[in-house]
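S.K.: Provided herewith: query39.cif, mmCIF, C-alpha atoms.
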```cif
data_final
#
loop_
_atom_site.group_PDB
_atom_site.id
_atom_site.type_symbol
_atom_site.label_atom_id
_atom_site.label_comp_id
_atom_site.auth_asym_id
_atom_site.auth_seq_id
_atom_site.Cartn_x
_atom_site.Cartn_y
_atom_site.Cartn_z
ATOM 1 C CA MET A 12 6.141 -33.780 -25.895
ATOM 2 C CA LYS A 13 5.080 -30.340 -24.700
ATOM 3 C CA ILE A 14 7.588 -28.484 -22.563
ATOM 4 C CA ILE A 15 6.047 -26.508 -19.715
ATOM 5 C CA ASP A 16 7.436 -22.976 -19.722
ATOM 6 C CA GLY A 17 8.056 -22.192 -16.066
ATOM 7 C CA LYS A 18 9.355 -18.728 -16.840
ATOM 8 C CA LYS A 19 6.088 -17.794 -18.564
ATOM 9 C CA ILE A 20 3.993 -19.040 -15.626
ATOM 10 C CA ALA A 21 6.252 -17.175 -13.198
ATOM 11 C CA GLU A 22 5.948 -13.925 -15.156
ATOM 12 C CA LYS A 23 2.161 -14.092 -14.922
ATOM 13 C CA ILE A 24 2.326 -14.522 -11.130
ATOM 14 C CA LYS A 25 4.831 -11.672 -10.794
ATOM 15 C CA ASP A 26 2.663 -9.381 -12.923
ATOM 16 C CA GLU A 27 -0.211 -10.067 -10.504
ATOM 17 C CA ILE A 28 2.054 -9.230 -7.542
ATOM 18 C CA VAL A 29 3.073 -5.928 -9.133
ATOM 19 C CA ALA A 30 -0.570 -4.998 -9.735
ATOM 20 C CA GLU A 31 -1.467 -5.747 -6.100
ATOM 21 C CA ILE A 32 1.449 -3.713 -4.754
ATOM 22 C CA ILE A 33 0.383 -0.789 -6.925
ATOM 23 C CA ASN A 34 -3.085 -1.119 -5.381
ATOM 24 C CA ILE A 35 -1.512 -1.070 -1.927
ATOM 25 C CA LYS A 36 0.048 2.270 -2.744
ATOM 26 C CA GLY A 37 -3.226 3.571 -4.089
ATOM 27 C CA GLY A 38 -5.879 2.262 -1.742
ATOM 28 C CA TYR A 39 -5.088 -0.189 1.053
ATOM 29 C CA SER A 40 -4.536 1.059 4.586
ATOM 30 C CA CYS A 41 -1.052 -0.323 5.264
ATOM 31 C CA PRO A 42 1.777 1.027 7.432
ATOM 32 C CA THR A 43 4.333 0.675 4.598
ATOM 33 C CA GLU A 44 4.107 0.694 0.821
ATOM 34 C CA ARG A 45 6.285 -2.367 0.218
ATOM 35 C CA PRO A 46 6.373 -5.834 1.785
ATOM 36 C CA ASN A 47 9.668 -6.820 3.459
ATOM 37 C CA LEU A 48 11.192 -10.291 3.169
ATOM 38 C CA ALA A 49 14.085 -11.502 5.352
ATOM 39 C CA ILE A 50 16.248 -14.265 3.834
ATOM 40 C CA LEU A 51 18.649 -16.382 5.876
ATOM 41 C CA LEU A 52 21.503 -18.021 3.944
ATOM 42 C CA VAL A 53 23.620 -20.540 5.844
ATOM 43 C CA GLY A 54 26.857 -22.024 4.484
ATOM 44 C CA ASP A 55 28.507 -21.631 1.093
ATOM 45 C CA ARG A 56 26.560 -23.903 -1.252
ATOM 46 C CA LYS A 57 26.825 -22.333 -4.686
ATOM 47 C CA ASP A 58 23.335 -23.411 -5.719
ATOM 48 C CA SER A 59 21.809 -21.885 -2.565
ATOM 49 C CA GLU A 60 23.731 -18.652 -3.148
ATOM 50 C CA LEU A 61 22.408 -18.569 -6.719
ATOM 51 C CA TYR A 62 18.800 -19.172 -5.608
ATOM 52 C CA VAL A 63 19.053 -16.386 -3.035
ATOM 53 C CA GLU A 64 20.483 -13.986 -5.616
ATOM 54 C CA LEU A 65 17.590 -14.815 -7.932
ATOM 55 C CA LYS A 66 15.032 -14.328 -5.145
ATOM 56 C CA GLU A 67 16.513 -10.941 -4.274
ATOM 57 C CA LYS A 68 16.560 -9.916 -7.936
ATOM 58 C CA GLU A 69 12.974 -10.990 -8.622
ATOM 59 C CA ALA A 70 11.716 -9.472 -5.358
ATOM 60 C CA LYS A 71 13.155 -6.115 -6.341
ATOM 61 C CA LYS A 72 11.440 -6.331 -9.736
ATOM 62 C CA VAL A 73 7.985 -6.780 -8.202
ATOM 63 C CA GLY A 74 8.360 -4.234 -5.406
ATOM 64 C CA ILE A 75 9.332 -6.370 -2.414
ATOM 65 C CA ASP A 76 12.283 -5.306 -0.238
ATOM 66 C CA THR A 77 14.688 -8.030 0.892
ATOM 67 C CA HIS A 78 17.007 -8.225 3.889
ATOM 68 C CA LEU A 79 19.778 -10.842 3.657
ATOM 69 C CA TYR A 80 21.330 -12.462 6.742
ATOM 70 C CA LYS A 81 24.352 -14.648 5.963
ATOM 71 C CA PHE A 82 25.925 -17.272 8.217
ATOM 72 C CA SER A 83 28.947 -19.480 7.683
ATOM 73 C CA GLU A 84 28.970 -23.210 8.341
ATOM 74 C CA ASN A 85 31.183 -22.463 11.347
ATOM 75 C CA ASP A 86 28.559 -20.287 13.042
ATOM 76 C CA ASP A 87 26.642 -21.624 16.016
ATOM 77 C CA GLN A 88 23.008 -22.670 15.628
ATOM 78 C CA LYS A 89 22.112 -20.372 18.518
ATOM 79 C CA ASP A 90 23.284 -17.365 16.467
ATOM 80 C CA ILE A 91 20.786 -18.247 13.747
ATOM 81 C CA GLU A 92 18.042 -18.845 16.321
ATOM 82 C CA LYS A 93 18.716 -15.425 17.886
ATOM 83 C CA THR A 94 18.486 -13.783 14.459
ATOM 84 C CA ILE A 95 15.178 -15.517 13.730
ATOM 85 C CA GLU A 96 13.897 -14.431 17.153
ATOM 86 C CA PHE A 97 14.872 -10.844 16.311
ATOM 87 C CA LEU A 98 13.159 -11.045 12.909
ATOM 88 C CA ASN A 99 10.026 -12.536 14.475
ATOM 89 C CA LYS A 100 9.714 -9.403 16.619
ATOM 90 C CA ASP A 101 10.820 -6.897 13.970
ATOM 91 C CA GLU A 102 7.660 -5.106 12.840
ATOM 92 C CA GLU A 103 9.301 -4.124 9.551
ATOM 93 C CA ILE A 104 9.731 -7.752 8.503
ATOM 94 C CA ASP A 105 6.621 -9.361 7.020
ATOM 95 C CA ALA A 106 8.041 -12.715 5.991
ATOM 96 C CA ILE A 107 11.036 -14.939 6.747
ATOM 97 C CA LEU A 108 12.632 -17.434 4.345
ATOM 98 C CA LEU A 109 15.256 -19.933 5.499
ATOM 99 C CA GLN A 110 17.128 -21.092 2.394
ATOM 100 C CA LEU A 111 17.310 -24.885 2.339
ATOM 101 C CA PRO A 112 19.081 -27.259 2.479
ATOM 102 C CA LEU A 113 21.255 -26.351 5.459
ATOM 103 C CA PRO A 114 24.698 -27.812 6.232
ATOM 104 C CA SER A 115 24.311 -31.106 8.083
ATOM 105 C CA LYS A 116 25.533 -29.750 11.443
ATOM 106 C CA PHE A 117 22.395 -27.617 11.816
ATOM 107 C CA ASP A 118 19.017 -28.822 13.110
ATOM 108 C CA THR A 119 16.763 -27.788 10.224
ATOM 109 C CA ASP A 120 13.503 -28.771 11.931
ATOM 110 C CA LYS A 121 14.331 -26.757 15.043
ATOM 111 C CA LEU A 122 15.173 -23.665 13.008
ATOM 112 C CA ILE A 123 11.961 -23.940 10.986
ATOM 113 C CA GLU A 124 9.985 -24.317 14.210
ATOM 114 C CA SER A 125 11.610 -21.150 15.580
ATOM 115 C CA ILE A 126 10.117 -19.015 12.770
ATOM 116 C CA ASP A 127 6.882 -17.198 13.623
ATOM 117 C CA PRO A 128 4.169 -19.184 11.764
ATOM 118 C CA GLU A 129 2.659 -15.867 10.612
ATOM 119 C CA LYS A 130 5.961 -14.947 8.922
ATOM 120 C CA ASP A 131 6.824 -18.387 7.532
ATOM 121 C CA VAL A 132 7.089 -18.013 3.749
ATOM 122 C CA ASP A 133 7.676 -21.689 2.982
ATOM 123 C CA ARG A 134 4.754 -22.709 5.279
ATOM 124 C CA PHE A 135 6.716 -25.646 6.713
ATOM 125 C CA HIS A 136 6.254 -24.617 10.348
ATOM 126 C CA PRO A 137 4.353 -27.422 12.155
ATOM 127 C CA GLU A 138 1.416 -25.101 12.873
ATOM 128 C CA ASN A 139 1.081 -24.270 9.192
ATOM 129 C CA LEU A 140 1.404 -27.901 8.120
ATOM 130 C CA ASN A 141 -1.263 -28.823 10.656
ATOM 131 C CA ARG A 142 -3.598 -26.155 9.249
ATOM 132 C CA LEU A 143 -2.918 -27.542 5.781
ATOM 133 C CA SER A 144 -3.995 -31.007 6.936
ATOM 134 C CA LEU A 145 -7.286 -29.878 8.469
ATOM 135 C CA GLY A 146 -9.325 -29.153 5.365
ATOM 136 C CA CYS A 147 -9.529 -28.381 1.684
ATOM 137 C CA ASN A 148 -10.663 -24.755 1.727
ATOM 138 C CA LEU A 149 -7.133 -23.438 1.252
ATOM 139 C CA LYS A 150 -5.842 -20.022 0.301
ATOM 140 C CA HIS A 151 -2.469 -19.360 -1.290
ATOM 141 C CA ASP A 152 -0.937 -18.069 1.939
ATOM 142 C CA LEU A 153 -1.426 -21.469 3.581
ATOM 143 C CA VAL A 154 0.183 -23.616 0.882
ATOM 144 C CA PRO A 155 3.961 -24.185 0.571
ATOM 145 C CA PRO A 156 5.351 -22.544 -2.592
ATOM 146 C CA LEU A 157 6.618 -25.843 -3.989
ATOM 147 C CA ILE A 158 3.097 -27.276 -3.827
ATOM 148 C CA GLN A 159 1.635 -24.091 -5.294
ATOM 149 C CA VAL A 160 3.994 -24.694 -8.237
ATOM 150 C CA ILE A 161 2.248 -27.960 -9.049
ATOM 151 C CA LEU A 162 -1.205 -26.363 -8.877
ATOM 152 C CA GLU A 163 -0.007 -23.530 -11.133
ATOM 153 C CA ILE A 164 1.322 -26.037 -13.662
ATOM 154 C CA PHE A 165 -1.991 -27.903 -13.693
ATOM 155 C CA LEU A 166 -3.765 -24.599 -14.289
ATOM 156 C CA SER A 167 -1.420 -23.610 -17.116
ATOM 157 C CA ILE A 168 -1.977 -26.854 -19.058
ATOM 158 C CA ASP A 169 -5.690 -27.016 -18.216
ATOM 159 C CA PHE A 170 -5.226 -30.312 -16.371
ATOM 160 C CA ASN A 171 -7.982 -31.496 -14.040
ATOM 161 C CA PRO A 172 -6.518 -33.890 -11.423
ATOM 162 C CA GLN A 173 -9.960 -35.215 -10.449
ATOM 163 C CA GLY A 174 -9.754 -39.021 -10.489
ATOM 164 C CA LYS A 175 -6.213 -39.061 -11.882
ATOM 165 C CA LEU A 176 -3.362 -41.087 -10.393
ATOM 166 C CA VAL A 177 -0.493 -38.898 -9.194
ATOM 167 C CA CYS A 178 2.746 -40.581 -8.113
ATOM 168 C CA ALA A 179 5.268 -38.472 -6.217
ATOM 169 C CA VAL A 180 8.860 -39.601 -5.727
ATOM 170 C CA VAL A 181 10.207 -37.658 -2.744
ATOM 171 C CA ASN A 182 12.893 -37.614 -0.063
ATOM 172 C CA SER A 183 10.972 -35.524 2.443
ATOM 173 C CA ASP A 184 8.057 -37.098 4.313
ATOM 174 C CA ILE A 185 6.824 -33.624 5.309
ATOM 175 C CA PHE A 186 6.695 -32.483 1.688
ATOM 176 C CA GLY A 187 5.226 -35.795 0.528
ATOM 177 C CA GLN A 188 2.362 -35.837 3.024
ATOM 178 C CA SER A 189 1.586 -32.137 2.467
ATOM 179 C CA LEU A 190 1.510 -32.727 -1.280
ATOM 180 C CA LYS A 191 -0.680 -35.808 -0.855
ATOM 181 C CA LYS A 192 -3.227 -33.903 1.234
ATOM 182 C CA THR A 193 -3.349 -30.960 -1.173
ATOM 183 C CA LEU A 194 -3.787 -33.063 -4.301
ATOM 184 C CA GLU A 195 -6.377 -35.316 -2.665
ATOM 185 C CA CYS A 196 -8.309 -32.112 -1.987
ATOM 186 C CA GLN A 197 -8.202 -31.623 -5.776
ATOM 187 C CA GLY A 198 -9.772 -35.069 -6.253
ATOM 188 C CA ALA A 199 -6.599 -36.909 -7.254
ATOM 189 C CA ARG A 200 -5.518 -40.371 -6.162
ATOM 190 C CA VAL A 201 -2.010 -39.954 -4.740
ATOM 191 C CA GLU A 202 0.795 -42.418 -4.096
ATOM 192 C CA ILE A 203 4.040 -41.389 -2.384
ATOM 193 C CA CYS A 204 7.223 -43.374 -2.986
ATOM 194 C CA LYS A 205 11.001 -43.160 -2.544
ATOM 195 C CA ALA A 206 13.781 -43.186 -5.110
ATOM 196 C CA ASP A 207 14.937 -46.640 -3.957
ATOM 197 C CA ASP A 208 11.497 -48.214 -4.449
ATOM 198 C CA ASP A 209 10.669 -50.366 -7.480
ATOM 199 C CA LEU A 210 9.819 -47.312 -9.582
ATOM 200 C CA LYS A 211 8.952 -49.293 -12.703
ATOM 201 C CA ASN A 212 6.012 -50.881 -10.877
ATOM 202 C CA GLU A 213 5.191 -47.750 -8.881
ATOM 203 C CA LEU A 214 5.010 -45.336 -11.819
ATOM 204 C CA ASP A 215 3.785 -47.307 -14.819
ATOM 205 C CA GLN A 216 0.098 -46.386 -14.386
ATOM 206 C CA ALA A 217 0.561 -42.795 -13.226
ATOM 207 C CA ASP A 218 -1.151 -39.945 -15.063
ATOM 208 C CA VAL A 219 1.169 -37.473 -13.319
ATOM 209 C CA ILE A 220 4.661 -38.062 -11.943
ATOM 210 C CA ILE A 221 6.234 -35.555 -9.567
ATOM 211 C CA SER A 222 9.896 -36.189 -8.786
ATOM 212 C CA ALA A 223 11.838 -34.313 -6.106
ATOM 213 C CA VAL A 224 14.821 -36.430 -5.078
ATOM 214 C CA GLY A 225 17.832 -34.794 -6.725
ATOM 215 C CA ARG A 226 19.006 -37.970 -8.426
ATOM 216 C CA PRO A 227 19.738 -37.442 -12.154
ATOM 217 C CA GLY A 228 18.088 -39.936 -14.493
ATOM 218 C CA VAL A 229 16.099 -41.736 -11.794
ATOM 219 C CA ILE A 230 12.882 -41.353 -13.859
ATOM 220 C CA LYS A 231 13.431 -43.451 -16.975
ATOM 221 C CA ALA A 232 11.397 -43.853 -20.160
ATOM 222 C CA GLU A 233 10.636 -47.525 -19.454
ATOM 223 C CA TYR A 234 9.019 -46.614 -16.121
ATOM 224 C CA ILE A 235 6.223 -44.446 -17.501
ATOM 225 C CA LYS A 236 3.150 -44.738 -19.668
ATOM 226 C CA LYS A 237 2.679 -42.693 -22.812
ATOM 227 C CA GLY A 238 1.197 -39.232 -22.333
ATOM 228 C CA VAL A 239 2.129 -38.796 -18.678
ATOM 229 C CA CYS A 240 2.607 -35.297 -17.223
ATOM 230 C CA LEU A 241 6.067 -35.218 -15.606
ATOM 231 C CA ILE A 242 6.890 -32.433 -13.124
ATOM 232 C CA ASP A 243 10.619 -32.551 -12.412
ATOM 233 C CA ILE A 244 11.530 -30.762 -9.174
ATOM 234 C CA GLY A 245 14.903 -32.443 -8.649
ATOM 235 C CA ILE A 246 17.990 -30.314 -9.233
ATOM 236 C CA THR A 247 21.593 -31.566 -9.272
ATOM 237 C CA LYS A 248 24.832 -30.129 -10.645
ATOM 238 C CA ASN A 249 27.240 -32.582 -12.258
ATOM 239 C CA LYS A 250 31.031 -32.271 -12.097
ATOM 240 C CA ASP A 251 30.970 -30.021 -15.170
ATOM 241 C CA GLY A 252 28.559 -27.601 -13.519
ATOM 242 C CA LYS A 253 25.596 -28.630 -15.687
ATOM 243 C CA VAL A 254 22.208 -28.513 -13.952
ATOM 244 C CA LEU A 255 20.260 -31.775 -14.238
ATOM 245 C CA GLY A 256 16.798 -32.902 -13.203
ATOM 246 C CA ASP A 257 15.536 -36.289 -12.023
ATOM 247 C CA ALA A 258 14.140 -37.253 -15.430
ATOM 248 C CA ASP A 259 16.188 -38.857 -18.180
ATOM 249 C CA PHE A 260 15.149 -35.900 -20.320
ATOM 250 C CA LYS A 261 17.035 -36.927 -23.465
ATOM 251 C CA ASN A 262 15.374 -40.329 -23.772
ATOM 252 C CA ILE A 263 12.009 -39.718 -22.173
ATOM 253 C CA GLY A 264 10.641 -37.148 -24.628
ATOM 254 C CA ASP A 265 8.758 -39.535 -26.919
ATOM 255 C CA LYS A 266 6.597 -40.844 -24.076
ATOM 256 C CA VAL A 267 5.621 -37.809 -22.001
ATOM 257 C CA GLY A 268 2.700 -35.540 -22.788
ATOM 258 C CA TYR A 269 4.005 -32.608 -20.725
ATOM 259 C CA ILE A 270 7.321 -32.119 -18.953
ATOM 260 C CA THR A 271 9.056 -29.383 -16.979
ATOM 261 C CA PRO A 272 12.624 -28.720 -18.158
ATOM 262 C CA VAL A 273 15.560 -28.350 -15.761
ATOM 263 C CA PRO A 274 16.518 -25.553 -15.522
ATOM 264 C CA GLY A 275 13.677 -23.198 -16.497
ATOM 265 C CA GLY A 276 10.738 -25.236 -15.268
ATOM 266 C CA VAL A 277 9.858 -25.439 -11.590
ATOM 267 C CA GLY A 278 12.543 -23.033 -10.310
ATOM 268 C CA PRO A 279 11.139 -19.712 -11.589
ATOM 269 C CA ILE A 280 7.619 -20.609 -10.437
ATOM 270 C CA THR A 281 8.874 -21.517 -6.952
ATOM 271 C CA ILE A 282 10.467 -18.090 -6.577
ATOM 272 C CA ALA A 283 7.324 -16.353 -7.836
ATOM 273 C CA THR A 284 5.040 -18.263 -5.457
ATOM 274 C CA ALA A 285 7.353 -17.505 -2.507
ATOM 275 C CA LEU A 286 7.074 -13.815 -3.386
ATOM 276 C CA ARG A 287 3.296 -14.152 -3.601
ATOM 277 C CA ASN A 288 3.303 -15.720 -0.129
ATOM 278 C CA THR A 289 5.330 -12.744 1.095
ATOM 279 C CA LEU A 290 2.735 -10.341 -0.277
ATOM 280 C CA ASN A 291 -0.140 -12.382 1.170
ATOM 281 C CA LEU A 292 1.435 -12.465 4.626
ATOM 282 C CA TYR A 293 2.014 -8.707 4.471
ATOM 283 C CA LYS A 294 -1.599 -8.048 3.520
ATOM 284 C CA LYS A 295 -2.951 -10.520 6.062
ATOM 285 C CA ASN A 296 -0.982 -9.148 8.999
ATOM 286 C CA LYS A 297 -0.680 -5.439 8.246
ATOM 287 C CA CYS A 298 -3.272 -4.177 5.790
ATOM 288 C CA LYS A 299 -6.872 -3.203 6.436
#
```
Would you kindly transcribe this structure into structure tokens?
M.R.:
Amino acid sequence: MKIIDGKKIAEKIKDEIVAEIINIKGGYSCPTERPNLAILLVGDRKDSELYVELKEKEAKKVGIDTHLYKFSENDDQKDIEKTIEFLNKDEEIDAILLQLPLPSKFDTDKLIESIDPEKDVDRFHPENLNRLSLGCNLKHDLVPPLIQVILEIFLSIDFNPQGKLVCAVVNSDIFGQSLKKTLECQGARVEICKADDDLKNELDQADVIISAVGRPGVIKAEYIKKGVCLIDIGITKNKDGKVLGDADFKNIGDKVGYITPVPGGVGPITIATALRNTLNLYKKNKCK
């Protein structure tokens, strides 16, 4: 078993961001020297608060300014929509990130749709997803960070997905179909399934398994073939506060070829790719 070091991959991406921002200061024609990222945090989920703190911390390290807008679960959806509308028009703000998941009372799709597609860091606005579906000549600023993570992992382990079978276990149809399109553009054969499917039969021939359901231990050793690459996106905290992934990490090690640990795998890369999207949107919309 080879453990994929997400922190190392993330550091490489962040080093590239720093170098580009230095170039902005030294050569590009831009109205400001630093990109600006607005983050909206809704509710009091401890994991979301932690992710936002990490994003703010890492943004500062690479030279991106952040602007945090916090809402309680008791706030009205219209208040969040008005803030997004303000940020859409604010010329200082280059990118907007809505921290997910939201409390159940809020209409997540409607809030995502209210973000200016040209400022949408996560690239989940319908216009951006539609652009993603139209072809395979994609640049980083068009691809959702979570999908960029998978491409970065493939690059880091020198894995060519051409002709390989990739099985993704997901909750979100939007994420699943976007992932399917992107990986098919890389030449992979892709199957999308749900956590309640017969995973033993779904996964046993997969060369790559991507799991993003937030259900600890759902990916078991008996479900997979030897040598599989397992990218674990699922994150759950147990009653003791321990962070767990979807894979039965303790018992699966003898069978996998590569695996992302939880924590320390996908998380740091996701933050780094979101910051890269912020920089790309800034350059695309402001720099000459």
S.K.: Need the shell around Thr271 in chain A: protein/DNA/RNA residues with any atom at most 8 Å away, counting all atoms listed in the file. Skip same-chain ones fewer than 3 positions apart. Format as a list in words?
M.R.: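 Contacts, with the query itself left out: Ile14, Ile15, Asp16, Gly17, Leu241, Ile242, Asp243, Gly275, Gly276 and Val277 of chain A.
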S.K.: Looking at A:Ile280, A:Leu292, A:Val224, A:Leu61, which one is nearest to Ala21 in chain A, with distances taken over all atoms listed in the file?
M.R.: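 Residue with the minimum atom-to-atom distance to Ala21 in chain A: A:Ile280.
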S.K.: Evaluating the PyMOL selection byres ((chain A and resi 175) around 7) on the displayed file yields which residues, as number ranges by chain?
M.R.: A: 172-174, 176-177, 199-200, 218
S.K.: In Å to one decimal, how far is CA of Leu98 in chain A from CA of Ala49 in chain A?
M.R.: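 The value is 7.6 Å.
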S.K.: Compare A:Ile75, A:Val254, A:Asp207, A:Gly268 by their minimum atom-to-atom distance to Phe170 in chain A, counting all atoms listed in the file, and give me the closest one.
M.R.: A:Gly268
S.K.: When the PyMOL selection byres ((chain A and resi 29) around 10) is applied to the structure above, which residues does it catch, written out as a ChimeraX atom specification?
M.R.: /A:24-28,30-35,72-75,287,290
S.K.: Scan for residues within 12 Å of the point (0.8, -37.5, 3.2) in the coordinates of the file, using only C-alpha atoms, and reply as number ranges by chain.
M.R.: A: 140-141, 143-144, 178-179, 181, 183-196, 200-204
S.K.: For C-alpha atoms, I'd like the residues from the last selection saved as a PDB file, in the coordinates of the input.
M.R.:
```pdb
ATOM      1  CA  LEU A 140       1.404 -27.901   8.120  1.00  0.00           C
ATOM      2  CA  ASN A 141      -1.263 -28.823  10.656  1.00  0.00           C
ATOM      3  CA  LEU A 143      -2.918 -27.542   5.781  1.00  0.00           C
ATOM      4  CA  SER A 144      -3.995 -31.007   6.936  1.00  0.00           C
ATOM      5  CA  CYS A 178       2.746 -40.581  -8.113  1.00  0.00           C
ATOM      6  CA  ALA A 179       5.268 -38.472  -6.217  1.00  0.00           C
ATOM      7  CA  VAL A 181      10.207 -37.658  -2.744  1.00  0.00           C
ATOM      8  CA  SER A 183      10.972 -35.524   2.443  1.00  0.00           C
ATOM      9  CA  ASP A 184       8.057 -37.098   4.313  1.00  0.00           C
ATOM     10  CA  ILE A 185       6.824 -33.624   5.309  1.00  0.00           C
ATOM     11  CA  PHE A 186       6.695 -32.483   1.688  1.00  0.00           C
ATOM     12  CA  GLY A 187       5.226 -35.795   0.528  1.00  0.00           C
ATOM     13  CA  GLN A 188       2.362 -35.837   3.024  1.00  0.00           C
ATOM     14  CA  SER A 189       1.586 -32.137   2.467  1.00  0.00           C
ATOM     15  CA  LEU A 190       1.510 -32.727  -1.280  1.00  0.00           C
ATOM     16  CA  LYS A 191      -0.680 -35.808  -0.855  1.00  0.00           C
ATOM     17  CA  LYS A 192      -3.227 -33.903   1.234  1.00  0.00           C
ATOM     18  CA  THR A 193      -3.349 -30.960  -1.173  1.00  0.00           C
ATOM     19  CA  LEU A 194      -3.787 -33.063  -4.301  1.00  0.00           C
ATOM     20  CA  GLU A 195      -6.377 -35.316  -2.665  1.00  0.00           C
ATOM     21  CA  CYS A 196      -8.309 -32.112  -1.987  1.00  0.00           C
ATOM     22  CA  ARG A 200      -5.518 -40.371  -6.162  1.00  0.00           C
ATOM     23  CA  VAL A 201      -2.010 -39.954  -4.740  1.00  0.00           C
ATOM     24  CA  GLU A 202       0.795 -42.418  -4.096  1.00  0.00           C
ATOM     25  CA  ILE A 203       4.040 -41.389  -2.384  1.00  0.00           C
ATOM     26  CA  CYS A 204       7.223 -43.374  -2.986  1.00  0.00           C
TER      27      CYS A 204
END
```
S.K.: For the file shown, what are the residues hit by the PyMOL selection byres ((chain A and resi 286) around 9), laid out as an MDAnalysis selection string?
M.R.: chainID A and resid 25 28 48 66 69:70 73 75 132 156 281:285 287:291
S.K.: Just to be explicit: take each residue in the selection above, keep C-alpha atoms, and write the result as a CSV table (one decimal), keeping the file's coordinate frame.
M.R.:
```csv
chain,number,residue,atom,x,y,z
A,25,LYS,CA,4.8,-11.7,-10.8
A,28,ILE,CA,2.1,-9.2,-7.5
A,48,LEU,CA,11.2,-10.3,3.2
A,66,LYS,CA,15.0,-14.3,-5.1
A,69,GLU,CA,13.0,-11.0,-8.6
A,70,ALA,CA,11.7,-9.5,-5.4
A,73,VAL,CA,8.0,-6.8,-8.2
A,75,ILE,CA,9.3,-6.4,-2.4
A,132,VAL,CA,7.1,-18.0,3.7
A,156,PRO,CA,5.4,-22.5,-2.6
A,281,THR,CA,8.9,-21.5,-7.0
A,282,ILE,CA,10.5,-18.1,-6.6
A,283,ALA,CA,7.3,-16.4,-7.8
A,284,THR,CA,5.0,-18.3,-5.5
A,285,ALA,CA,7.4,-17.5,-2.5
A,287,ARG,CA,3.3,-14.2,-3.6
A,288,ASN,CA,3.3,-15.7,-0.1
A,289,THR,CA,5.3,-12.7,1.1
A,290,LEU,CA,2.7,-10.3,-0.3
A,291,ASN,CA,-0.1,-12.4,1.2
```
S.K.: Using only C-alpha atoms, which protein or nucleic acid residues come within 12 Å of Ile263 in chain A? Drop anything in the same chain fewer than 6 positions from it, and give the result as a list in words.
M.R.: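 Near neighbours after the sequence-gap exclusion: Met12, Lys13, Gly228, Val229, Ile230, Lys231, Ala232, Glu233, Tyr234, Ile235, Lys236, Lys237, Gly238, Val239, Cys240, Leu241, Asp257, Tyr269, Ile270, Thr271 and Pro272 of chain A.
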S.K.: How many Å lie between CA of Lys19 in chain A and CA of Thr247 in chain A, rounded to one decimal?
M.R.: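 These two atoms are separated by 22.7 Å.
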S.K.: Supply range 163-175 of chain A as a PDB file, in the coordinates of the input, with N, CA and C atoms built in where the input has gaps.
M.R.:
```pdb
ATOM      1  N   GLU A 163      -0.145 -24.505 -10.046  1.00  0.00           N
ATOM      2  CA  GLU A 163      -0.007 -23.530 -11.133  1.00  0.00           C
ATOM      3  C   GLU A 163       0.257 -24.225 -12.465  1.00  0.00           C
ATOM      4  N   ILE A 164       1.046 -25.284 -12.439  1.00  0.00           N
ATOM      5  CA  ILE A 164       1.322 -26.037 -13.662  1.00  0.00           C
ATOM      6  C   ILE A 164       0.047 -26.698 -14.174  1.00  0.00           C
ATOM      7  N   PHE A 165      -0.714 -27.310 -13.285  1.00  0.00           N
ATOM      8  CA  PHE A 165      -1.991 -27.903 -13.693  1.00  0.00           C
ATOM      9  C   PHE A 165      -2.882 -26.855 -14.349  1.00  0.00           C
ATOM     10  N   LEU A 166      -2.938 -25.676 -13.753  1.00  0.00           N
ATOM     11  CA  LEU A 166      -3.765 -24.599 -14.289  1.00  0.00           C
ATOM     12  C   LEU A 166      -3.285 -24.181 -15.678  1.00  0.00           C
ATOM     13  N   SER A 167      -1.976 -24.105 -15.848  1.00  0.00           N
ATOM     14  CA  SER A 167      -1.420 -23.610 -17.116  1.00  0.00           C
ATOM     15  C   SER A 167      -1.661 -24.570 -18.280  1.00  0.00           C
ATOM     16  N   ILE A 168      -1.754 -25.874 -17.982  1.00  0.00           N
ATOM     17  CA  ILE A 168      -1.977 -26.854 -19.058  1.00  0.00           C
ATOM     18  C   ILE A 168      -3.421 -27.349 -19.075  1.00  0.00           C
ATOM     19  N   ASP A 169      -4.273 -26.678 -18.280  1.00  0.00           N
ATOM     20  CA  ASP A 169      -5.690 -27.016 -18.216  1.00  0.00           C
ATOM     21  C   ASP A 169      -5.891 -28.489 -17.850  1.00  0.00           C
ATOM     22  N   PHE A 170      -5.167 -28.920 -16.818  1.00  0.00           N
ATOM     23  CA  PHE A 170      -5.226 -30.312 -16.371  1.00  0.00           C
ATOM     24  C   PHE A 170      -6.095 -30.415 -15.119  1.00  0.00           C
ATOM     25  N   ASN A 171      -7.104 -31.259 -15.186  1.00  0.00           N
ATOM     26  CA  ASN A 171      -7.982 -31.496 -14.040  1.00  0.00           C
ATOM     27  C   ASN A 171      -7.538 -32.783 -13.343  1.00  0.00           C
ATOM     28  N   PRO A 172      -7.020 -32.684 -12.101  1.00  0.00           N
ATOM     29  CA  PRO A 172      -6.518 -33.890 -11.423  1.00  0.00           C
ATOM     30  C   PRO A 172      -7.596 -34.812 -10.871  1.00  0.00           C
ATOM     31  N   GLN A 173      -8.860 -34.410 -10.987  1.00  0.00           N
ATOM     32  CA  GLN A 173      -9.960 -35.215 -10.449  1.00  0.00           C
ATOM     33  C   GLN A 173      -9.893 -36.646 -10.991  1.00  0.00           C
ATOM     34  N   GLY A 174      -9.755 -37.618 -10.095  1.00  0.00           N
ATOM     35  CA  GLY A 174      -9.754 -39.021 -10.489  1.00  0.00           C
ATOM     36  C   GLY A 174      -8.462 -39.514 -11.106  1.00  0.00           C
ATOM     37  N   LYS A 175      -7.479 -38.665 -11.266  1.00  0.00           N
ATOM     38  CA  LYS A 175      -6.213 -39.061 -11.882  1.00  0.00           C
ATOM     39  C   LYS A 175      -5.258 -39.633 -10.831  1.00  0.00           C
TER      40      LYS A 175
END
```
